[in-house]
>>> print(open('input18.pdb').read())   # PDB, C-alpha atoms, pLDDT in the B column
ATOM      1  CA  MET A   1      97.388 107.632 112.431  1.00 57.00           C
ATOM      2  CA  SER A   2      95.699 104.454 113.563  1.00 68.00           C
ATOM      3  CA  THR A   3      94.054 103.944 116.907  1.00 72.00           C
ATOM      4  CA  PRO A   4      96.498 102.629 119.519  1.00 83.00           C
ATOM      5  CA  VAL A   5      96.190  98.965 120.396  1.00 90.00           C
ATOM      6  CA  PRO A   6      94.471  98.669 123.786  1.00 91.00           C
ATOM      7  CA  VAL A   7      96.718  97.283 126.520  1.00 94.00           C
ATOM      8  CA  ASP A   8      93.932  95.701 128.558  1.00 94.00           C
ATOM      9  CA  ALA A   9      91.562  94.182 126.009  1.00 95.00           C
ATOM     10  CA  ASP A  10      90.504  90.582 125.518  1.00 95.00           C
ATOM     11  CA  GLU A  11      92.466  88.349 123.136  1.00 96.00           C
ATOM     12  CA  VAL A  12      90.203  88.769 120.100  1.00 96.00           C
ATOM     13  CA  THR A  13      90.177  92.554 120.402  1.00 96.00           C
ATOM     14  CA  THR A  14      93.943  92.668 120.920  1.00 96.00           C
ATOM     15  CA  LEU A  15      94.767  90.474 117.919  1.00 96.00           C
ATOM     16  CA  ARG A  16      92.371  92.319 115.632  1.00 97.00           C
ATOM     17  CA  ALA A  17      93.697  95.682 116.816  1.00 96.00           C
ATOM     18  CA  PHE A  18      97.295  94.693 116.079  1.00 96.00           C
ATOM     19  CA  LEU A  19      96.275  93.394 112.640  1.00 97.00           C
ATOM     20  CA  ASP A  20      94.377  96.621 111.909  1.00 97.00           C
ATOM     21  CA  GLN A  21      97.344  98.692 113.068  1.00 96.00           C
ATOM     22  CA  PHE A  22      99.674  96.956 110.615  1.00 96.00           C
ATOM     23  CA  ARG A  23      97.113  97.145 107.801  1.00 97.00           C
ATOM     24  CA  ASP A  24      96.910 100.906 108.391  1.00 96.00           C
ATOM     25  CA  THR A  25     100.699 101.159 108.557  1.00 96.00           C
ATOM     26  CA  LEU A  26     101.036  99.576 105.120  1.00 97.00           C
ATOM     27  CA  ARG A  27      98.377 101.906 103.732  1.00 97.00           C
ATOM     28  CA  ARG A  28     100.278 104.935 105.101  1.00 95.00           C
ATOM     29  CA  GLN A  29     103.571 103.665 103.698  1.00 95.00           C
ATOM     30  CA  CYS A  30     102.021 103.427 100.239  1.00 96.00           C
ATOM     31  CA  ALA A  31      99.904 106.603 100.430  1.00 95.00           C
ATOM     32  CA  GLY A  32     100.669 109.221  97.826  1.00 94.00           C
ATOM     33  CA  VAL A  33     103.018 106.945  95.896  1.00 96.00           C
ATOM     34  CA  GLY A  34     102.359 106.846  92.163  1.00 95.00           C
ATOM     35  CA  ALA A  35     102.901 104.051  89.662  1.00 96.00           C
ATOM     36  CA  ASP A  36     106.654 104.639  89.360  1.00 95.00           C
ATOM     37  CA  GLY A  37     107.093 104.546  93.128  1.00 95.00           C
ATOM     38  CA  LEU A  38     104.945 101.438  93.508  1.00 96.00           C
ATOM     39  CA  ALA A  39     107.227  99.722  90.957  1.00 96.00           C
ATOM     40  CA  TRP A  40     110.452 100.910  92.691  1.00 95.00           C
ATOM     41  CA  THR A  41     112.892  98.233  93.861  1.00 94.00           C
ATOM     42  CA  LEU A  42     115.898  98.163  96.148  1.00 90.00           C
ATOM     43  CA  GLN A  43     118.420  95.979  94.397  1.00 90.00           C
ATOM     44  CA  PRO A  44     119.078  93.120  94.533  1.00 92.00           C
ATOM     45  CA  SER A  45     115.483  92.544  95.683  1.00 93.00           C
ATOM     46  CA  THR A  46     112.631  92.647  93.167  1.00 94.00           C
ATOM     47  CA  MET A  47     110.102  93.482  95.909  1.00 96.00           C
ATOM     48  CA  THR A  48     107.939  96.556  95.258  1.00 97.00           C
ATOM     49  CA  LEU A  49     105.295  98.433  97.209  1.00 98.00           C
ATOM     50  CA  GLY A  50     102.798  97.633  94.450  1.00 98.00           C
ATOM     51  CA  GLY A  51     103.651  93.951  94.658  1.00 98.00           C
ATOM     52  CA  MET A  52     103.290  94.120  98.408  1.00 98.00           C
ATOM     53  CA  LEU A  53      99.795  95.646  98.142  1.00 98.00           C
ATOM     54  CA  LYS A  54      98.682  92.938  95.716  1.00 98.00           C
ATOM     55  CA  HIS A  55     100.380  90.141  97.663  1.00 98.00           C
ATOM     56  CA  LEU A  56      98.738  91.162 100.920  1.00 98.00           C
ATOM     57  CA  ALA A  57      95.367  91.471  99.195  1.00 98.00           C
ATOM     58  CA  PHE A  58      95.769  87.851  98.111  1.00 98.00           C
ATOM     59  CA  VAL A  59      97.022  86.766 101.536  1.00 98.00           C
ATOM     60  CA  GLU A  60      93.883  88.287 103.107  1.00 98.00           C
ATOM     61  CA  GLN A  61      91.664  86.207 100.817  1.00 98.00           C
ATOM     62  CA  TRP A  62      93.840  83.118 101.187  1.00 98.00           C
ATOM     63  CA  TRP A  63      93.754  82.897 104.972  1.00 98.00           C
ATOM     64  CA  PHE A  64      90.308  84.215 105.811  1.00 98.00           C
ATOM     65  CA  SER A  65      88.185  83.025 102.891  1.00 98.00           C
ATOM     66  CA  ILE A  66      89.998  80.056 101.374  1.00 98.00           C
ATOM     67  CA  VAL A  67      91.714  78.458 104.382  1.00 98.00           C
ATOM     68  CA  LEU A  68      89.404  79.492 107.231  1.00 98.00           C
ATOM     69  CA  HIS A  69      86.094  79.016 105.410  1.00 98.00           C
ATOM     70  CA  GLY A  70      87.046  76.643 102.590  1.00 97.00           C
ATOM     71  CA  HIS A  71      85.913  78.868  99.716  1.00 98.00           C
ATOM     72  CA  GLU A  72      87.417  78.814  96.257  1.00 97.00           C
ATOM     73  CA  ALA A  73      89.577  81.715  95.125  1.00 97.00           C
ATOM     74  CA  SER A  74      87.483  84.546  93.722  1.00 97.00           C
ATOM     75  CA  GLY A  75      87.892  87.810  91.860  1.00 96.00           C
ATOM     76  CA  ILE A  76      91.246  88.356  90.216  1.00 96.00           C
ATOM     77  CA  TRP A  77      92.664  85.342  92.052  1.00 97.00           C
ATOM     78  CA  ALA A  78      90.199  82.832  90.581  1.00 97.00           C
ATOM     79  CA  ASP A  79      92.068  82.106  87.357  1.00 95.00           C
ATOM     80  CA  VAL A  80      95.688  82.587  88.426  1.00 97.00           C
ATOM     81  CA  ASP A  81      98.035  79.825  87.299  1.00 96.00           C
ATOM     82  CA  TRP A  82     100.181  79.724  90.430  1.00 95.00           C
ATOM     83  CA  ALA A  83     102.137  76.757  89.029  1.00 97.00           C
ATOM     84  CA  ALA A  84     103.317  78.944  86.139  1.00 97.00           C
ATOM     85  CA  ASP A  85     104.363  81.792  88.473  1.00 96.00           C
ATOM     86  CA  GLU A  86     104.162  81.225  92.221  1.00 96.00           C
ATOM     87  CA  ASP A  87     104.873  84.937  92.725  1.00 96.00           C
ATOM     88  CA  TRP A  88     102.239  86.124  90.258  1.00 97.00           C
ATOM     89  CA  ASP A  89     100.800  88.556  92.787  1.00 97.00           C
ATOM     90  CA  TRP A  90     104.181  90.272  93.144  1.00 97.00           C
ATOM     91  CA  HIS A  91     105.099  90.214  89.445  1.00 95.00           C
ATOM     92  CA  SER A  92     101.759  91.199  87.943  1.00 97.00           C
ATOM     93  CA  ALA A  93     101.338  94.290  90.131  1.00 97.00           C
ATOM     94  CA  ALA A  94     103.502  96.324  87.755  1.00 95.00           C
ATOM     95  CA  HIS A  95     100.615  96.179  85.262  1.00 96.00           C
ATOM     96  CA  ASP A  96      97.992  97.469  87.714  1.00 97.00           C
ATOM     97  CA  SER A  97      97.179 101.064  88.558  1.00 97.00           C
ATOM     98  CA  PRO A  98      97.908 102.429  92.029  1.00 97.00           C
ATOM     99  CA  ASP A  99      94.183 102.961  92.606  1.00 97.00           C
ATOM    100  CA  GLN A 100      93.385  99.374  91.613  1.00 98.00           C
ATOM    101  CA  LEU A 101      96.063  97.945  93.905  1.00 98.00           C
ATOM    102  CA  ARG A 102      94.788  99.983  96.850  1.00 98.00           C
ATOM    103  CA  THR A 103      91.172  99.068  96.066  1.00 98.00           C
ATOM    104  CA  TRP A 104      91.943  95.334  95.951  1.00 98.00           C
ATOM    105  CA  LEU A 105      93.648  95.516  99.338  1.00 98.00           C
ATOM    106  CA  ASP A 106      90.808  97.525 100.893  1.00 98.00           C
ATOM    107  CA  GLU A 107      88.177  95.160  99.461  1.00 98.00           C
ATOM    108  CA  GLU A 108      89.988  92.062 100.685  1.00 98.00           C
ATOM    109  CA  ILE A 109      90.490  93.562 104.158  1.00 98.00           C
ATOM    110  CA  ALA A 110      86.777  94.372 104.395  1.00 98.00           C
ATOM    111  CA  ALA A 111      85.893  90.847 103.247  1.00 98.00           C
ATOM    112  CA  SER A 112      88.384  89.348 105.702  1.00 98.00           C
ATOM    113  CA  ASP A 113      86.880  91.267 108.591  1.00 98.00           C
ATOM    114  CA  ALA A 114      83.486  89.854 107.653  1.00 98.00           C
ATOM    115  CA  TRP A 115      84.949  86.314 107.463  1.00 98.00           C
ATOM    116  CA  ILE A 116      86.501  86.775 110.915  1.00 98.00           C
ATOM    117  CA  ASP A 117      83.145  87.952 112.289  1.00 98.00           C
ATOM    118  CA  GLU A 118      81.425  84.935 110.749  1.00 97.00           C
ATOM    119  CA  ALA A 119      83.973  82.536 112.252  1.00 97.00           C
ATOM    120  CA  LEU A 120      83.630  84.146 115.687  1.00 97.00           C
ATOM    121  CA  ALA A 121      79.832  83.892 115.445  1.00 96.00           C
ATOM    122  CA  ARG A 122      80.178  80.087 115.518  1.00 94.00           C
ATOM    123  CA  GLY A 123      80.759  80.457 119.247  1.00 92.00           C
ATOM    124  CA  GLU A 124      84.159  78.776 119.477  1.00 95.00           C
ATOM    125  CA  GLY A 125      86.089  82.042 119.619  1.00 96.00           C
ATOM    126  CA  LEU A 126      89.722  81.913 118.617  1.00 97.00           C
ATOM    127  CA  ASP A 127      89.663  78.110 118.871  1.00 97.00           C
ATOM    128  CA  THR A 128      87.549  77.970 115.685  1.00 97.00           C
ATOM    129  CA  ARG A 129      89.304  75.610 113.277  1.00 97.00           C
ATOM    130  CA  ALA A 130      89.914  76.381 109.630  1.00 97.00           C
ATOM    131  CA  VAL A 131      88.290  74.176 107.000  1.00 96.00           C
ATOM    132  CA  ARG A 132      91.589  73.659 105.152  1.00 96.00           C
ATOM    133  CA  GLU A 133      94.577  72.007 106.746  1.00 93.00           C
ATOM    134  CA  ARG A 134      98.144  73.223 106.907  1.00 87.00           C
ATOM    135  CA  HIS A 135     100.845  70.590 107.397  1.00 90.00           C
ATOM    136  CA  GLY A 136      98.248  67.992 108.379  1.00 92.00           C
ATOM    137  CA  SER A 137      96.286  70.074 110.868  1.00 94.00           C
ATOM    138  CA  ALA A 138      93.610  72.739 110.582  1.00 97.00           C
ATOM    139  CA  PRO A 139      94.920  75.974 112.104  1.00 97.00           C
ATOM    140  CA  THR A 140      92.834  77.859 114.612  1.00 98.00           C
ATOM    141  CA  LEU A 141      91.554  81.365 114.024  1.00 98.00           C
ATOM    142  CA  ARG A 142      94.028  82.404 116.742  1.00 98.00           C
ATOM    143  CA  TRP A 143      96.941  80.994 114.705  1.00 98.00           C
ATOM    144  CA  ILE A 144      95.698  82.666 111.519  1.00 98.00           C
ATOM    145  CA  LEU A 145      95.374  86.064 113.211  1.00 98.00           C
ATOM    146  CA  VAL A 146      98.823  85.824 114.786  1.00 98.00           C
ATOM    147  CA  HIS A 147     100.258  84.737 111.431  1.00 98.00           C
ATOM    148  CA  MET A 148      98.609  87.691 109.692  1.00 98.00           C
ATOM    149  CA  VAL A 149     100.047  90.112 112.271  1.00 98.00           C
ATOM    150  CA  GLU A 150     103.471  88.591 111.578  1.00 98.00           C
ATOM    151  CA  GLU A 151     102.935  88.736 107.796  1.00 98.00           C
ATOM    152  CA  TYR A 152     102.036  92.421 107.858  1.00 98.00           C
ATOM    153  CA  ALA A 153     104.769  93.302 110.376  1.00 97.00           C
ATOM    154  CA  ARG A 154     107.440  91.709 108.175  1.00 97.00           C
ATOM    155  CA  HIS A 155     106.198  93.430 105.037  1.00 97.00           C
ATOM    156  CA  CYS A 156     105.777  96.783 106.790  1.00 96.00           C
ATOM    157  CA  GLY A 157     109.497  96.563 107.593  1.00 95.00           C
ATOM    158  CA  HIS A 158     110.219  95.989 103.910  1.00 96.00           C
ATOM    159  CA  ALA A 159     107.903  98.863 103.004  1.00 96.00           C
ATOM    160  CA  ASP A 160     109.748 101.205 105.393  1.00 95.00           C
ATOM    161  CA  LEU A 161     112.993 100.677 103.498  1.00 95.00           C
ATOM    162  CA  ILE A 162     111.442 100.913 100.048  1.00 96.00           C
ATOM    163  CA  ARG A 163     109.484 104.084 100.876  1.00 95.00           C
ATOM    164  CA  GLU A 164     112.561 105.754 102.365  1.00 94.00           C
ATOM    165  CA  SER A 165     114.500 104.982  99.178  1.00 94.00           C
ATOM    166  CA  ILE A 166     111.734 106.509  97.040  1.00 94.00           C
ATOM    167  CA  ASP A 167     111.338 109.881  98.709  1.00 92.00           C
ATOM    168  CA  GLY A 168     113.154 109.847 102.046  1.00 90.00           C
ATOM    169  CA  ARG A 169     109.939 109.566 104.087  1.00 86.00           C
ATOM    170  CA  THR A 170     110.262 107.633 107.322  1.00 84.00           C
ATOM    171  CA  GLY A 171     108.167 107.078 110.391  1.00 76.00           C
ATOM    172  CA  LEU A 172     104.965 106.457 108.460  1.00 71.00           C
TER     173      LEU A 172
END
>>> encode(input="input18.pdb", output="structure tokens")
Amino acid sequence: MSTPVPVDADEVTTLRAFLDQFRDTLRRQCAGVGADGLAWTLQPSTMTLGGMLKHLAFVEQWWFSIVLHGHEASGIWADVDWAADEDWDWHSAAHDSPDQLRTWLDEEIAASDAWIDEALARGEGLDTRAVRERHGSAPTLRWILVHMVEEYARHCGHADLIRESIDGRTGL
């Protein structure tokens, strides 16, 4: 079980705690699920837990490394032809082992935390602007963190339903 989010912390601590709570929730929802379970779908959706792990690993790199700091995609993301398959992260996960999917997510979360620390060290706090723009404006670190909380919360809801359909487990 993850540490409860403090109810009286500053904004940075609160946002990071909520993000960490949802990251841990997703990890729990996928814990102990093998390859068949990670490839399980609830029709008519094609969404899988494995795809979700890989997608969120990419989303971590996208927002904190690529958008916030302006880096190029790296690792398994460096050579992806997103024009050929804009959902490559979701689709390709069926070919990856459960351990690899979990490792990619853990590595990207650790890297993201370091990128957040680096951005905060600039001294502008949550008002730090991303290097890349979105819809004509560079988002703030605040916006990115809130978006990531929302991204994980939405997918944790999906994961709840998929996990329950796999083995009946709820409340993870």
>>> closest_atom_pairs(input="input18.pdb", of="region 52-73 of chain A", to="region 82-102 of chain A", cutoff="9 Å", atoms="all atoms listed in the file", output="tab-separated table")
residue	atom	partner	partner_atom	distance
A:Met52	CA	A:Trp90	CA	6.6
A:Leu53	CA	A:Leu101	CA	6.1
A:Lys54	CA	A:Asp89	CA	5.7
A:His55	CA	A:Asp89	CA	5.1
A:Leu56	CA	A:Asp89	CA	8.8
A:Ala57	CA	A:Leu101	CA	8.4
A:Phe58	CA	A:Asp89	CA	7.4
>>> atom_distance(input="input18.pdb", atom1="CA of His69 (chain A)", atom2="CA of Val131 (chain A)")
5.5 Å
>>> residues_around(input="input18.pdb", residues="Ala153 (chain A)", least_positions_apart="3", cutoff="10 Å", atoms="all atoms listed in the file", output="list of chain:residue names")
A:Phe18, A:Leu19, A:Gln21, A:Phe22, A:Arg23, A:Thr25, A:Leu26, A:His147, A:Met148, A:Val149, A:Glu150, A:Cys156, A:Gly157, A:His158, A:Ala159
>>> atom_distance(input="input18.pdb", atom1="CA of Trp77 (chain A)", atom2="CA of Val59 (chain A)")
10.5 Å
>>> atom_distance(input="input18.pdb", atom1="CA of Ile144 (chain A)", atom2="CA of Trp63 (chain A)")
6.8 Å
>>> closest_residue(input="input18.pdb", among="A:Arg132, A:Arg169, A:Arg122, A:His155", to="Leu49 (chain A)", atoms="only C-alpha atoms")
A:His155
>>> resolve_selection(input="input18.pdb", expression="the PyMOL selection byres ((chain A and resi 68) around 9)", output="list in words")
Trp62, Trp63, Phe64, Ser65, Ile66, Val67, His69, Gly70, His71, Trp115, Ile116, Ala119, Thr128, Arg129, Ala130, Val131, Arg132, Ala138, Pro139, Thr140, Leu141 and Ile144 of chain A
>>> residues_near_point(input="input18.pdb", point="(94.2, 89.2, 119.9)", cutoff="12 Å", atoms="only C-alpha atoms", output="list in words")
Val5, Pro6, Val7, Asp8, Ala9, Asp10, Glu11, Val12, Thr13, Thr14, Leu15, Arg16, Ala17, Phe18, Leu19, Asp20, Gly125, Leu126, Leu141, Arg142, Trp143, Ile144, Leu145, Val146, His147, Met148 and Val149 of chain A
>>> resolve_selection(input="input18.pdb", expression="the PyMOL selection byres ((chain A and resi 32) around 12)", output="VMD selection string")
chain A and resid 27 to 31 33 to 38 49 98 to 99 102 163 166 to 167 169 172
>>> resolve_selection(input="input18.pdb", expression="the PyMOL selection byres ((chain A and resi 108) around 9)", output="PyMOL selection string")
chain A and resi 56-61+103-107+109-113
>>> closest_residue(input="input18.pdb", among="A:Gly51, A:Thr3, A:Ala114, A:Gly123", to="Ala39 (chain A)", atoms="only C-alpha atoms")
A:Gly51
>>> build_atoms(input="input18.pdb", residues="region 50-72 of chain A", atoms="N, CA and C atoms", output="mmCIF file, in the coordinates of the input")
data_model
loop_
_atom_site.group_PDB
_atom_site.id
_atom_site.type_symbol
_atom_site.label_atom_id
_atom_site.label_comp_id
_atom_site.auth_asym_id
_atom_site.auth_seq_id
_atom_site.Cartn_x
_atom_site.Cartn_y
_atom_site.Cartn_z
ATOM 1 N N GLY A 50 103.970 98.105 95.196
ATOM 2 C CA GLY A 50 102.798 97.633 94.450
ATOM 3 C C GLY A 50 102.620 96.132 94.590
ATOM 4 N N GLY A 51 103.713 95.397 94.469
ATOM 5 C CA GLY A 51 103.651 93.951 94.658
ATOM 6 C C GLY A 51 103.209 93.586 96.057
ATOM 7 N N MET A 52 103.662 94.364 97.017
ATOM 8 C CA MET A 52 103.290 94.120 98.408
ATOM 9 C C MET A 52 101.789 94.334 98.620
ATOM 10 N N LEU A 53 101.239 95.399 98.033
ATOM 11 C CA LEU A 53 99.795 95.646 98.142
ATOM 12 C C LEU A 53 99.005 94.479 97.560
ATOM 13 N N LYS A 54 99.420 94.018 96.376
ATOM 14 C CA LYS A 54 98.682 92.938 95.716
ATOM 15 C C LYS A 54 98.881 91.624 96.458
ATOM 16 N N HIS A 55 100.099 91.359 96.904
ATOM 17 C CA HIS A 55 100.380 90.141 97.663
ATOM 18 C C HIS A 55 99.538 90.086 98.930
ATOM 19 N N LEU A 56 99.493 91.173 99.669
ATOM 20 C CA LEU A 56 98.738 91.162 100.920
ATOM 21 C C LEU A 56 97.234 91.099 100.668
ATOM 22 N N ALA A 57 96.777 91.639 99.554
ATOM 23 C CA ALA A 57 95.367 91.471 99.195
ATOM 24 C C ALA A 57 95.069 89.991 99.004
ATOM 25 N N PHE A 58 95.969 89.285 98.297
ATOM 26 C CA PHE A 58 95.769 87.851 98.111
ATOM 27 C C PHE A 58 95.861 87.098 99.434
ATOM 28 N N VAL A 59 96.834 87.444 100.248
ATOM 29 C CA VAL A 59 97.022 86.766 101.536
ATOM 30 C C VAL A 59 95.773 86.913 102.406
ATOM 31 N N GLU A 60 95.142 88.083 102.371
ATOM 32 C CA GLU A 60 93.883 88.287 103.107
ATOM 33 C C GLU A 60 92.846 87.261 102.648
ATOM 34 N N GLN A 61 92.656 87.161 101.317
ATOM 35 C CA GLN A 61 91.664 86.207 100.817
ATOM 36 C C GLN A 61 92.082 84.771 101.131
ATOM 37 N N TRP A 62 93.360 84.477 100.959
ATOM 38 C CA TRP A 62 93.840 83.118 101.187
ATOM 39 C C TRP A 62 93.502 82.639 102.597
ATOM 40 N N TRP A 63 93.914 83.384 103.598
ATOM 41 C CA TRP A 63 93.754 82.897 104.972
ATOM 42 C C TRP A 63 92.331 82.974 105.495
ATOM 43 N N PHE A 64 91.617 84.046 105.187
ATOM 44 C CA PHE A 64 90.308 84.215 105.811
ATOM 45 C C PHE A 64 89.150 83.641 105.015
ATOM 46 N N SER A 65 89.261 83.596 103.706
ATOM 47 C CA SER A 65 88.185 83.025 102.891
ATOM 48 C C SER A 65 88.491 81.579 102.496
ATOM 49 N N ILE A 66 89.669 81.373 101.924
ATOM 50 C CA ILE A 66 89.998 80.056 101.374
ATOM 51 C C ILE A 66 90.352 79.058 102.474
ATOM 52 N N VAL A 67 91.285 79.397 103.340
ATOM 53 C CA VAL A 67 91.714 78.458 104.382
ATOM 54 C C VAL A 67 90.681 78.374 105.502
ATOM 55 N N LEU A 68 90.310 79.509 106.083
ATOM 56 C CA LEU A 68 89.404 79.492 107.231
ATOM 57 C C LEU A 68 88.028 78.950 106.879
ATOM 58 N N HIS A 69 87.467 79.395 105.760
ATOM 59 C CA HIS A 69 86.094 79.016 105.410
ATOM 60 C C HIS A 69 85.978 77.994 104.290
ATOM 61 N N GLY A 70 87.081 77.676 103.620
ATOM 62 C CA GLY A 70 87.046 76.643 102.590
ATOM 63 C C GLY A 70 86.486 77.087 101.256
ATOM 64 N N HIS A 71 86.415 78.381 101.001
ATOM 65 C CA HIS A 71 85.913 78.868 99.716
ATOM 66 C C HIS A 71 86.971 78.731 98.629
ATOM 67 N N GLU A 72 86.509 78.784 97.407
ATOM 68 C CA GLU A 72 87.417 78.814 96.257
ATOM 69 C C GLU A 72 87.915 80.252 96.082
#
